[in-house]
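Pasting work_1.csv here (CSV, C-alpha atoms):
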chain,number,residue,atom,x,y,z
A,1,MET,CA,-63.5,-5.2,-57.3
A,2,ASP,CA,-62.4,-7.9,-59.7
A,3,SER,CA,-59.3,-5.9,-60.5
A,4,ILE,CA,-58.4,-5.7,-56.8
A,5,ARG,CA,-58.8,-9.4,-56.5
A,6,GLY,CA,-56.6,-10.0,-59.5
A,7,VAL,CA,-53.8,-7.8,-58.1
A,8,THR,CA,-54.0,-9.5,-54.7
A,9,LEU,CA,-53.8,-13.0,-56.3
A,10,ALA,CA,-50.8,-11.9,-58.4
A,11,ILE,CA,-48.9,-10.6,-55.4
A,12,GLY,CA,-49.6,-13.9,-53.5
A,13,LEU,CA,-48.3,-16.0,-56.4
A,14,LEU,CA,-45.2,-13.8,-56.6
A,15,VAL,CA,-44.5,-14.2,-52.8
A,16,ALA,CA,-45.0,-18.0,-53.0
A,17,TYR,CA,-42.6,-18.2,-56.0
A,18,CYS,CA,-39.9,-16.2,-54.1
A,19,LEU,CA,-40.2,-18.3,-51.0
A,20,LEU,CA,-39.9,-21.5,-53.0
A,21,GLY,CA,-36.9,-20.2,-54.9
A,22,CYS,CA,-35.2,-19.1,-51.6
A,23,HIS,CA,-35.7,-22.6,-50.1
A,24,VAL,CA,-34.4,-24.3,-53.2
A,25,ALA,CA,-31.3,-22.1,-53.2
A,26,LEU,CA,-30.7,-22.7,-49.5
A,27,VAL,CA,-30.9,-26.5,-50.0
A,28,ASP,CA,-28.6,-26.3,-52.9
A,29,ALA,CA,-26.1,-24.2,-50.9
A,30,GLN,CA,-26.2,-26.7,-48.0
A,31,GLU,CA,-25.7,-29.6,-50.3
A,32,GLY,CA,-22.8,-27.8,-51.9
A,33,GLU,CA,-21.2,-27.1,-48.5
A,34,GLU,CA,-21.0,-30.8,-47.8
A,35,ASP,CA,-18.4,-31.2,-50.6
A,36,VAL,CA,-16.3,-28.1,-49.6
A,37,PRO,CA,-13.0,-28.9,-48.1
A,38,ARG,CA,-13.1,-28.0,-44.4
A,39,ILE,CA,-11.4,-28.5,-41.0
A,40,ILE,CA,-13.6,-30.3,-38.5
A,41,ASP,CA,-11.4,-30.1,-35.5
A,42,PHE,CA,-7.8,-29.2,-34.4
A,43,THR,CA,-6.5,-30.5,-31.1
A,44,SER,CA,-3.4,-31.6,-29.2
A,45,ASP,CA,-2.8,-34.3,-26.6
A,46,ALA,CA,-1.3,-31.8,-24.1
A,47,ALA,CA,-3.3,-30.4,-21.3
A,48,SER,CA,-4.0,-26.7,-22.0
A,49,ASN,CA,-1.6,-27.2,-25.0
A,50,GLU,CA,1.3,-26.9,-22.6
A,51,ILE,CA,4.3,-29.3,-22.1
A,52,ASP,CA,7.5,-29.1,-20.2
A,53,GLU,CA,10.7,-28.9,-22.2
A,54,GLY,CA,11.9,-32.3,-23.3
A,55,GLN,CA,8.4,-33.8,-23.5
A,56,SER,CA,6.5,-34.6,-26.8
A,57,ILE,CA,3.3,-33.3,-28.3
A,58,ASN,CA,1.0,-34.5,-31.0
A,59,MET,CA,-1.4,-32.2,-32.9
A,60,ASP,CA,-4.3,-33.7,-34.8
A,61,CYS,CA,-6.1,-31.8,-37.5
A,62,GLU,CA,-9.3,-33.6,-38.7
A,63,VAL,CA,-10.3,-32.6,-42.3
A,64,ALA,CA,-13.1,-33.4,-44.7
A,65,ASN,CA,-13.6,-33.4,-48.4
A,66,LEU,CA,-10.0,-33.0,-49.6
A,67,GLY,CA,-10.2,-33.0,-53.3
A,68,PHE,CA,-7.7,-33.2,-56.1
A,69,GLY,CA,-5.2,-30.3,-55.7
A,70,ASN,CA,-6.0,-29.9,-51.9
A,71,GLY,CA,-3.4,-30.7,-49.2
A,72,VAL,CA,-2.8,-29.9,-45.5
A,73,GLY,CA,-0.1,-27.4,-44.6
A,74,TRP,CA,1.4,-26.7,-41.2
A,75,ARG,CA,2.8,-23.4,-40.2
A,76,ARG,CA,3.9,-21.8,-36.9
A,77,ILE,CA,3.8,-18.1,-35.9
A,78,ASN,CA,6.7,-17.6,-33.6
A,79,PRO,CA,5.9,-15.9,-30.3
A,80,PRO,CA,6.8,-12.2,-30.3
A,81,VAL,CA,9.9,-11.3,-28.2
A,82,ASP,CA,10.0,-7.8,-26.8
A,83,SER,CA,9.1,-5.5,-29.7
A,84,ASN,CA,9.8,-8.0,-32.4
A,85,PRO,CA,6.6,-9.3,-34.1
A,86,GLY,CA,6.2,-13.1,-34.5
A,87,LYS,CA,7.5,-14.6,-37.7
A,88,THR,CA,5.5,-17.3,-39.7
A,89,VAL,CA,7.5,-20.4,-40.4
A,90,SER,CA,6.4,-23.2,-42.9
A,91,LEU,CA,6.8,-26.6,-41.2
A,92,ALA,CA,5.2,-29.3,-43.4
A,93,TYR,CA,2.9,-30.1,-46.3
A,94,SER,CA,0.7,-33.2,-45.9
A,95,ALA,CA,3.3,-35.9,-44.9
A,96,GLU,CA,6.4,-34.0,-45.9
A,97,VAL,CA,8.4,-31.9,-43.4
A,98,GLU,CA,10.2,-28.9,-44.8
A,99,ALA,CA,14.0,-29.5,-45.3
A,100,GLU,CA,15.1,-26.8,-42.9
A,101,VAL,CA,12.8,-28.0,-40.1
A,102,PRO,CA,14.6,-29.9,-37.2
A,103,ASP,CA,14.4,-33.7,-37.2
A,104,ARG,CA,12.2,-33.7,-34.0
A,105,TYR,CA,9.2,-32.7,-36.3
A,106,LYS,CA,7.2,-35.4,-38.1
A,107,ALA,CA,4.1,-35.1,-40.2
A,108,SER,CA,1.5,-37.5,-41.6
A,109,LEU,CA,-1.8,-37.6,-43.4
A,110,ARG,CA,-4.1,-40.7,-43.2
A,111,GLY,CA,-7.7,-41.5,-44.0
A,112,VAL,CA,-10.4,-42.3,-41.5
A,113,PRO,CA,-11.6,-46.0,-41.9
A,114,GLY,CA,-15.1,-46.2,-43.1
A,115,ASP,CA,-15.3,-42.6,-44.2
A,116,PRO,CA,-13.5,-41.8,-47.4
A,117,LYS,CA,-14.3,-38.1,-47.2
A,118,ARG,CA,-12.4,-37.6,-43.9
A,119,GLY,CA,-8.8,-37.6,-42.9
A,120,ILE,CA,-6.4,-36.9,-40.0
A,121,ALA,CA,-3.4,-34.7,-40.5
A,122,LYS,CA,-0.9,-35.1,-37.7
A,123,LEU,CA,2.1,-33.0,-36.6
A,124,SER,CA,4.3,-34.5,-33.9
A,125,ILE,CA,7.2,-32.9,-32.0
A,126,SER,CA,9.5,-35.1,-29.9
A,127,SER,CA,11.8,-33.7,-27.1
A,128,ALA,CA,10.3,-30.3,-27.6
A,129,ARG,CA,12.3,-27.2,-26.8
A,130,ALA,CA,11.3,-23.6,-25.9
A,131,GLU,CA,11.9,-22.5,-29.5
A,132,ASP,CA,9.0,-24.8,-30.6
A,133,SER,CA,6.5,-22.6,-28.8
A,134,GLY,CA,4.1,-20.5,-30.9
A,135,THR,CA,0.8,-20.5,-32.7
A,136,TYR,CA,0.4,-23.6,-34.9
A,137,LEU,CA,-1.9,-23.4,-37.9
A,138,CYS,CA,-3.4,-26.3,-39.8
A,139,GLU,CA,-4.4,-25.2,-43.3
A,140,ILE,CA,-6.2,-26.7,-46.2
A,141,LYS,CA,-4.4,-25.4,-49.3
A,142,GLY,CA,-5.7,-25.4,-52.8
A,143,THR,CA,-8.6,-23.7,-54.6
A,144,ILE,CA,-10.2,-23.0,-51.2
A,145,LYS,CA,-8.0,-22.1,-48.2
A,146,VAL,CA,-9.2,-22.9,-44.7
A,147,SER,CA,-7.2,-22.8,-41.4
A,148,LYS,CA,-7.5,-23.3,-37.7
A,149,SER,CA,-4.9,-22.6,-35.0
A,150,ILE,CA,-3.9,-23.5,-31.4
A,151,GLU,CA,-1.4,-21.9,-29.1
A,152,VAL,CA,1.4,-24.2,-27.9
A,153,ASN,CA,3.8,-23.4,-25.1
A,154,VAL,CA,6.9,-25.5,-24.3
A,155,LEU,CA,7.7,-24.5,-20.7
A,156,VAL,CA,11.1,-24.0,-19.3
A,157,LEU,CA,10.5,-24.1,-15.5
A,158,PRO,CA,12.8,-22.7,-12.8
A,159,GLY,CA,15.7,-25.1,-12.1
A,160,ASN,CA,17.9,-25.5,-9.1
A,161,GLY,CA,19.4,-22.1,-8.2
A,162,SER,CA,17.4,-20.2,-10.8
A,163,LEU,CA,15.0,-18.8,-8.2
A,164,VAL,CA,16.5,-16.5,-5.6
A,165,PHE,CA,14.6,-14.7,-2.8
A,166,LYS,CA,16.5,-12.1,-0.8
A,167,ARG,CA,16.1,-9.7,2.1
A,168,GLU,CA,18.4,-6.9,1.1
A,169,GLU,CA,21.6,-8.9,0.4
A,170,GLU,CA,20.7,-11.9,2.5
A,171,GLU,CA,19.4,-14.9,0.6
A,172,LEU,CA,16.3,-16.4,2.3
A,173,ILE,CA,16.2,-20.2,2.6
A,174,ASN,CA,12.9,-22.0,1.8
A,175,ASN,CA,11.0,-23.0,5.0
A,176,GLY,CA,13.3,-20.9,7.2
A,177,GLU,CA,12.4,-18.0,9.5
A,178,VAL,CA,13.3,-14.3,9.3
A,179,SER,CA,12.9,-11.9,12.3
A,180,PHE,CA,11.9,-8.3,12.5
A,181,GLY,CA,11.9,-5.8,15.3
A,182,ARG,CA,9.0,-3.6,16.2
A,183,ASN,CA,8.3,-0.9,13.5
A,184,ASP,CA,10.9,-2.4,11.2
A,185,LYS,CA,10.8,-2.1,7.4
A,186,GLY,CA,11.9,-4.8,5.0
A,187,SER,CA,13.4,-4.6,1.5
A,188,PHE,CA,13.0,-7.8,-0.6
A,189,SER,CA,13.8,-9.0,-4.1
A,190,CYS,CA,12.6,-12.1,-6.0
A,191,SER,CA,14.5,-13.1,-9.1
A,192,VAL,CA,14.2,-16.0,-11.5
A,193,SER,CA,16.4,-16.8,-14.5
A,194,ASN,CA,16.3,-19.0,-17.6
A,195,VAL,CA,12.5,-19.7,-17.9
A,196,PHE,CA,10.0,-19.6,-20.8
A,197,PRO,CA,7.6,-18.1,-21.5
A,198,LYS,CA,7.7,-14.8,-19.6
A,199,PRO,CA,6.8,-15.7,-15.9
A,200,ALA,CA,4.5,-13.9,-13.5
A,201,ILE,CA,6.5,-13.1,-10.3
A,202,ARG,CA,4.9,-11.9,-7.0
A,203,ILE,CA,6.1,-11.3,-3.4
A,204,LEU,CA,3.4,-12.0,-0.8
A,205,ILE,CA,2.9,-11.9,2.9
A,206,GLY,CA,0.3,-14.5,3.7
A,207,ASP,CA,-2.3,-14.0,0.9
A,208,LYS,CA,-1.5,-10.3,0.5
A,209,GLU,CA,0.4,-9.4,-2.6
A,210,ILE,CA,3.0,-6.7,-1.8
A,211,ALA,CA,4.9,-6.5,-5.1
A,212,SER,CA,4.4,-7.8,-8.7
A,213,ASP,CA,5.9,-5.2,-11.0
A,214,ALA,CA,8.7,-7.2,-12.6
A,215,VAL,CA,11.6,-6.1,-14.7
A,216,TYR,CA,12.3,-8.7,-17.5
A,217,VAL,CA,15.3,-9.4,-19.7
A,218,ALA,CA,15.0,-11.7,-22.8
A,219,SER,CA,18.0,-13.5,-24.1
A,220,SER,CA,18.4,-15.6,-27.2
A,221,GLU,CA,20.6,-18.5,-28.0
A,222,ASP,CA,21.6,-19.3,-31.6
A,223,THR,CA,20.5,-22.8,-32.5
A,224,GLY,CA,21.9,-22.6,-36.0
A,225,ASN,CA,18.4,-22.0,-37.5
A,226,VAL,CA,17.1,-18.4,-37.4
A,227,ASP,CA,13.5,-19.7,-37.4
A,228,PHE,CA,14.1,-21.8,-34.3
A,229,LYS,CA,15.9,-19.4,-32.1
A,230,ARG,CA,15.8,-20.2,-28.4
A,231,THR,CA,14.5,-17.3,-26.3
A,232,ILE,CA,14.5,-17.5,-22.5
A,233,TYR,CA,13.6,-14.9,-19.8
A,234,SER,CA,14.9,-13.6,-16.5
A,235,GLY,CA,12.8,-11.4,-14.2
A,236,THR,CA,13.1,-9.6,-10.9
A,237,VAL,CA,10.5,-8.1,-8.5
A,238,THR,CA,11.7,-5.7,-5.9
A,239,VAL,CA,9.9,-4.0,-2.9
A,240,LEU,CA,11.7,-1.4,-0.8
A,241,ASP,CA,11.1,-0.3,2.8
A,242,TYR,CA,7.9,-2.2,3.3
A,243,ALA,CA,6.4,-1.7,6.8
A,244,ILE,CA,6.4,-4.9,8.7
A,245,GLU,CA,3.3,-4.9,11.0
A,246,PRO,CA,2.9,-6.9,14.2
A,247,GLU,CA,-0.1,-8.8,12.7
A,248,PHE,CA,2.4,-10.3,10.1
A,249,ASN,CA,3.9,-12.4,12.9
A,250,GLY,CA,3.6,-16.1,12.1
A,251,LYS,CA,2.7,-15.4,8.4
A,252,LEU,CA,4.5,-16.7,5.3
A,253,LEU,CA,6.7,-14.3,3.4
A,254,SER,CA,7.0,-15.8,-0.1
A,255,CYS,CA,8.3,-15.4,-3.6
A,256,GLU,CA,6.0,-16.9,-6.2
A,257,VAL,CA,6.9,-17.6,-9.8
A,258,LYS,CA,4.2,-18.9,-12.2
A,259,VAL,CA,5.3,-20.1,-15.7
A,260,GLY,CA,2.4,-20.7,-18.1
A,261,LYS,CA,-0.5,-22.4,-16.4
A,262,LYS,CA,1.6,-24.5,-14.1
A,263,ILE,CA,1.3,-24.5,-10.3
A,264,PRO,CA,3.5,-21.7,-9.1
A,265,VAL,CA,7.0,-22.4,-7.7
A,266,VAL,CA,7.3,-20.9,-4.2
A,267,VAL,CA,10.1,-20.0,-1.8
A,268,GLY,CA,8.7,-19.0,1.6
A,269,VAL,CA,10.0,-18.1,5.0
A,270,MET,CA,8.1,-17.6,8.3
A,271,LEU,CA,7.9,-14.1,9.7
A,272,SER,CA,8.8,-13.5,13.3
A,273,VAL,CA,7.7,-9.9,14.2
A,274,ALA,CA,8.5,-8.5,17.6
A,275,HIS,CA,5.5,-6.8,19.3
A,276,PRO,CA,5.2,-5.4,22.8
A,277,PRO,CA,3.8,-7.3,25.7
A,278,LYS,CA,0.1,-7.2,26.4
A,279,LEU,CA,-2.1,-8.4,29.3
A,280,SER,CA,-5.8,-9.1,28.9
A,281,ASP,CA,-8.8,-11.0,30.4
A,282,CYS,CA,-7.3,-11.0,33.9
A,283,LYS,CA,-9.9,-12.5,36.2
A,284,ALA,CA,-10.4,-11.7,39.9
A,285,ASN,CA,-11.7,-14.4,42.2
A,286,SER,CA,-13.0,-15.0,45.8
A,287,ALA,CA,-12.6,-17.7,48.4
A,288,THR,CA,-13.1,-18.5,52.0
A,289,ILE,CA,-10.4,-18.9,54.7
A,290,GLY,CA,-9.4,-22.5,54.7
A,291,ALA,CA,-10.3,-23.2,51.0
A,292,LYS,CA,-8.2,-26.0,49.6
A,293,GLU,CA,-7.4,-24.2,46.4
A,294,VAL,CA,-8.2,-21.1,44.4
A,295,SER,CA,-6.8,-19.8,41.1
A,296,LEU,CA,-6.3,-16.4,39.4
A,297,THR,CA,-5.7,-16.3,35.6
A,298,CYS,CA,-4.5,-13.7,33.0
A,299,ASN,CA,-3.8,-13.9,29.3
A,300,PHE,CA,-0.6,-12.4,27.9
A,301,GLU,CA,0.9,-11.8,24.4
A,302,GLY,CA,4.2,-10.6,23.0
A,303,ASP,CA,7.1,-11.6,20.7
A,304,PRO,CA,9.6,-12.4,22.0
A,305,ARG,CA,7.5,-14.1,24.7
A,306,PRO,CA,7.4,-11.8,27.7
A,307,LYS,CA,8.5,-12.8,31.2
A,308,VAL,CA,5.5,-12.7,33.6
A,309,THR,CA,5.6,-12.4,37.4
A,310,TRP,CA,3.0,-12.2,40.2
A,311,LYS,CA,3.3,-9.9,43.2
A,312,VAL,CA,1.2,-11.3,46.1
A,313,PRO,CA,-0.4,-9.1,48.9
A,314,SER,CA,2.6,-9.8,51.2
A,315,GLY,CA,5.0,-8.4,48.5
A,316,GLN,CA,6.5,-11.7,47.5
A,317,ILE,CA,7.3,-12.1,43.8
A,318,ILE,CA,6.2,-15.4,42.2
A,319,GLN,CA,7.6,-16.7,39.0
A,320,ALA,CA,6.4,-19.5,36.8
A,321,ASP,CA,7.2,-23.1,37.8
A,322,ILE,CA,8.7,-22.4,41.3
A,323,PRO,CA,7.2,-24.8,43.9
A,324,GLY,CA,5.4,-23.5,47.0
A,325,ALA,CA,2.0,-22.8,48.6
A,326,VAL,CA,1.5,-20.2,45.9
A,327,THR,CA,2.6,-21.4,42.4
A,328,ALA,CA,2.5,-19.9,38.9
A,329,THR,CA,2.2,-21.9,35.7
A,330,GLU,CA,2.0,-20.9,32.0
A,331,LYS,CA,0.4,-22.6,28.9
A,332,GLN,CA,-0.4,-21.8,25.3
A,333,GLY,CA,-3.8,-20.2,24.8
A,334,ASP,CA,-6.1,-19.6,21.8
A,335,LYS,CA,-4.3,-16.2,21.4
A,336,GLY,CA,-0.9,-15.9,23.0
A,337,TYR,CA,-0.5,-17.5,26.5
A,338,ILE,CA,-2.2,-18.0,29.8
A,339,THR,CA,-0.6,-17.4,33.2
A,340,MET,CA,-2.3,-19.0,36.3
A,341,LEU,CA,-1.6,-18.4,40.0
A,342,LYS,CA,-2.7,-21.3,42.2
A,343,ILE,CA,-3.1,-20.8,46.0
A,344,THR,CA,-3.6,-23.8,48.3
A,345,ASN,CA,-5.0,-23.8,51.9
A,346,VAL,CA,-6.1,-20.2,51.7
A,347,ALA,CA,-5.3,-18.0,54.7
A,348,GLN,CA,-6.2,-14.5,55.8
A,349,LYS,CA,-2.8,-13.2,54.4
A,350,ASP,CA,-3.8,-14.4,50.9
A,351,PHE,CA,-6.6,-11.9,50.5
A,352,GLY,CA,-6.0,-8.6,48.7
A,353,LYS,CA,-4.5,-7.2,45.5
A,354,TYR,CA,-2.3,-9.3,43.1
A,355,GLU,CA,-0.1,-7.4,40.7
A,356,ILE,CA,0.8,-9.1,37.3
A,357,THR,CA,3.8,-7.8,35.4
A,358,ALA,CA,4.8,-8.6,31.8
A,359,GLN,CA,8.4,-7.8,30.9
A,360,GLN,CA,10.1,-7.7,27.5
A,361,GLU,CA,13.6,-6.4,26.6
A,362,GLY,CA,13.5,-3.0,25.1
A,363,GLU,CA,9.8,-2.4,26.0
A,364,PRO,CA,8.3,-0.8,29.1
A,365,ASP,CA,6.8,-3.2,31.7
A,366,VAL,CA,3.1,-3.8,31.4
A,367,LYS,CA,1.2,-4.2,34.7
A,368,THR,CA,-2.3,-4.9,35.9
A,369,THR,CA,-4.0,-5.7,39.3
A,370,ILE,CA,-6.7,-8.2,40.3
A,371,THR,CA,-8.1,-8.9,43.7
A,372,LEU,CA,-8.8,-12.1,45.7
A,373,THR,CA,-11.8,-11.3,47.9
A,374,GLU,CA,-12.7,-13.1,51.2
A,375,VAL,CA,-16.1,-14.7,51.5
A,376,LYS,CA,-17.2,-14.6,55.1
A,377,LYS,CA,-18.4,-17.9,56.6
A,378,GLY,CA,-22.0,-17.9,57.8
A,379,PRO,CA,-23.2,-19.3,61.2
A,380,ALA,CA,-22.9,-23.1,61.7
A,381,ARG,CA,-25.9,-25.2,60.9
A,382,GLY,CA,-28.3,-25.4,63.9
A,383,SER,CA,-26.8,-22.4,65.8
A,384,SER,CA,-29.9,-20.1,65.4
A,385,THR,CA,-32.1,-22.8,67.0
A,386,ALA,CA,-29.7,-23.1,69.9
A,387,VAL,CA,-29.8,-19.4,70.5
A,388,THR,CA,-33.6,-19.3,70.4
A,389,TRP,CA,-33.9,-22.1,73.1
A,390,SER,CA,-31.3,-20.3,75.3
A,391,LEU,CA,-33.5,-17.1,75.2
A,392,ILE,CA,-36.6,-19.1,76.0
A,393,CYS,CA,-34.9,-20.7,79.0
A,394,MET,CA,-33.7,-17.3,80.3
A,395,LEU,CA,-37.2,-15.8,80.0
A,396,LEU,CA,-38.7,-18.8,81.8
A,397,THR,CA,-36.1,-18.5,84.6
A,398,THR,CA,-36.8,-14.8,85.1
A,399,LEU,CA,-40.6,-15.4,85.1
A,400,LEU,CA,-40.4,-18.1,87.8
A,401,ALA,CA,-38.2,-15.8,89.9
A,402,VAL,CA,-40.8,-13.0,89.7
A,403,LEU,CA,-43.6,-15.4,90.7
A,404,GLY,CA,-41.6,-16.7,93.7
A,405,CYS,CA,-41.5,-20.3,92.5
Step by step, read the file and then write its structure as structure tokens.
Amino acid sequence: MDSIRGVTLAIGLLVAYCLLGCHVALVDAQEGEEDVPRIIDFTSDAASNEIDEGQSINMDCEVANLGFGNGVGWRRINPPVDSNPGKTVSLAYSAEVEAEVPDRYKASLRGVPGDPKRGIAKLSISSARAEDSGTYLCEIKGTIKVSKSIEVNVLVLPGNGSLVFKREEEELINNGEVSFGRNDKGSFSCSVSNVFPKPAIRILIGDKEIASDAVYVASSEDTGNVDFKRTIYSGTVTVLDYAIEPEFNGKLLSCEVKVGKKIPVVVGVMLSVAHPPKLSDCKANSATIGAKEVSLTCNFEGDPRPKVTWKVPSGQIIQADIPGAVTATEKQGDKGYITMLKITNVAQKDFGKYEITAQQEGEPDVKTTITLTEVKKGPARGSSTAVTWSLICMLLTTLLAVLGC
């Protein structure tokens, strides 16, 4: 029993020693890390790290524990173009810009007041150009190497004339209108040139995307420095023989180009799509002879707007806005239009069937019929009482004659 207790005690002491040793080692490691050169943060003053060409950008790299032999280096990985991988370019070391780097680059390294262990390395680019885009690395160089990176895009947005939207060979003008017949098909192309980076291009009808598979071409301009070669893109999206449905009428046909995270640039035209005439919700009515006024109504649709006529029971054809005892008017409805026939001083001849016809060039006439029904007048007030008294009087007269009075 004593031997078991001895073994248990020995194991407990061994575990305690190990735990104490691990804790001491962890504390020593943490204390040691405080003196290791490190990058605290790496940011820029541009929203989403994007700027338009010609603007400036400042990148701040906050560092700590720079010791003797440590410095802050700046490098950029050029964006890959087509199948060519990105190339890494050295830009600056601490406050010194590399000799071959353009003058628009400036570098600095300063301390943080009140904290001798911290510093701010800054890289600034004034009047930035497309070729300044890429992945920027802030690196601590020396016995220990540490780095952080951010992606910077210098955007070249579509300029005047660089965005072209066409229907076949006809260029579509922004805020214009384009017409299609019934069952037509449309072929469209949307092209943009001289932009950076590679844009996203779409053709839409309303919110519905109908094409986005773009063909791109990259072109380069020699700036005199192979590490700062200017690359720009052109792209085209094409859709052929797209069926234009009647429900597209009144919707926006648009070409949308999005560069980077910017709000898309849009060229749009309104669609006018012909569709055949349609009559609906045609309401019959009733009236009495002598009524001052009664109306019949019917909804109609179509593009172009159909011509609507009414044929009254006498056979007369009534068109909109022609004065008379029977007149027709039209107005805009919630869906399409409303035609209304108004009859004043209703007479016996006004009762019967009314035929409504909607006509549109190139389409068969659409017709429907509604009826104006006569409501018979009841006996005049008090007439039943008068009849009753007349019968009573006749009976009394007959009774008195029989009795010989």
At most 12 Å is the cut-off: for each residue in range 179-282 of chain A with any atom that close to an atom of range 369-374 of chain A, write down the nearest atom pair and the distance in Å rounded to one decimal, counting all atoms listed in the file, chain first then increasing number, as a Markdown table.
| residue | atom | partner | partner_atom | distance |
| --- | --- | --- | --- | --- |
| A:Leu279 | CA | A:Thr369 | CA | 10.5 |
| A:Ser280 | CA | A:Thr369 | CA | 11.1 |
| A:Asp281 | CA | A:Ile370 | CA | 10.5 |
| A:Cys282 | CA | A:Ile370 | CA | 7.0 |
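Pairwise distance (CA of Gly181 in chain A, CA of Asn299 in chain A) equals 22.5 Å.
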Long-range neighbours of Glu355 in chain A as a list in words, 8 Å cut-off, only C-alpha atoms, 5 positions minimum in chain: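 Near neighbours after the sequence-gap exclusion: Trp310, Lys311, Val312, Lys367, Thr368, Thr369 and Ile370 of chain A.
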Between CA of Val266 in chain A and CA of Lys335 in chain A - distance in Å to one decimal: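 Interatomic distance here is 28.5 Å.
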Of the listed residues A:Ser90, A:Ser44, A:Asn78, A:Asn194, that which approaches Ala121 in chain A most closely, counting all atoms listed in the file: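 Ranking A:Ser90, A:Ser44, A:Asn78, A:Asn194 by distance to Ala121 in chain A, first place goes to A:Ser44.
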Gly260 in chain A surroundings by all atoms listed in the file, 8 Å radius, close-in-sequence under 6 positions cut, as a VMD selection string: chain A and resid 50 153 155 197 199
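Minimum distance to Arg129 in chain A across A:Glu221, A:Glu301, A:Asp207, A:Asp52 (counting only C-alpha atoms) occurs at A:Asp52.
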Contacts of Glu170 in chain A within 12 Å, only C-alpha atoms, excl. fewer than 3 positions in-chain, as a PyMOL selection string: chain A and resi 164-167+173+178+186-190
One-decimal distance in Å that lies between CA of Ala287 in chain A and CA of Ala347 in chain A: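 It comes out at 9.6 Å.
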Exercise: Leu66 in chain A partners within 10 Å, all atoms listed in the file, chain neighbours under 5 positions left out, as a list in words: Asp35, Val36, Pro37, Arg38, Ile39, Gly71, Val72, Pro116, Lys117, Arg118, Gly119, Ile140, Lys141 and Gly142 of chain A
Residue among A:Gly161, A:Pro85, A:Gly315, A:Gly176 lying closest to Ser272 in chain A, counting only C-alpha atoms: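 Among A:Gly161, A:Pro85, A:Gly315, A:Gly176, it is A:Gly176 that comes nearest to Ser272 in chain A.
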Nearest to Tyr105 in chain A by atom-to-atom distance, counting all atoms listed in the file, from A:Val269, A:Ile57, A:Val63, A:Ile144: A:Ile57
Nearby residues (all atoms listed in the file) at most 7 Å from range 223-231 of chain A, same-chain spacing under 4 positions excluded, as a list in words: Val89, Ala130, Glu131, Asp132, Ala218 and Ser219 of chain A
Exercise: residues within 9 Å of coordinate (17.5, -24.0, -13.8), counting only C-alpha atoms, as a list in words: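 Every residue inside that radius is included here: Val156, Leu157, Pro158, Gly159, Asn160, Gly161, Ser162, Leu163, Val192, Ser193, Asn194 and Val195 of chain A.
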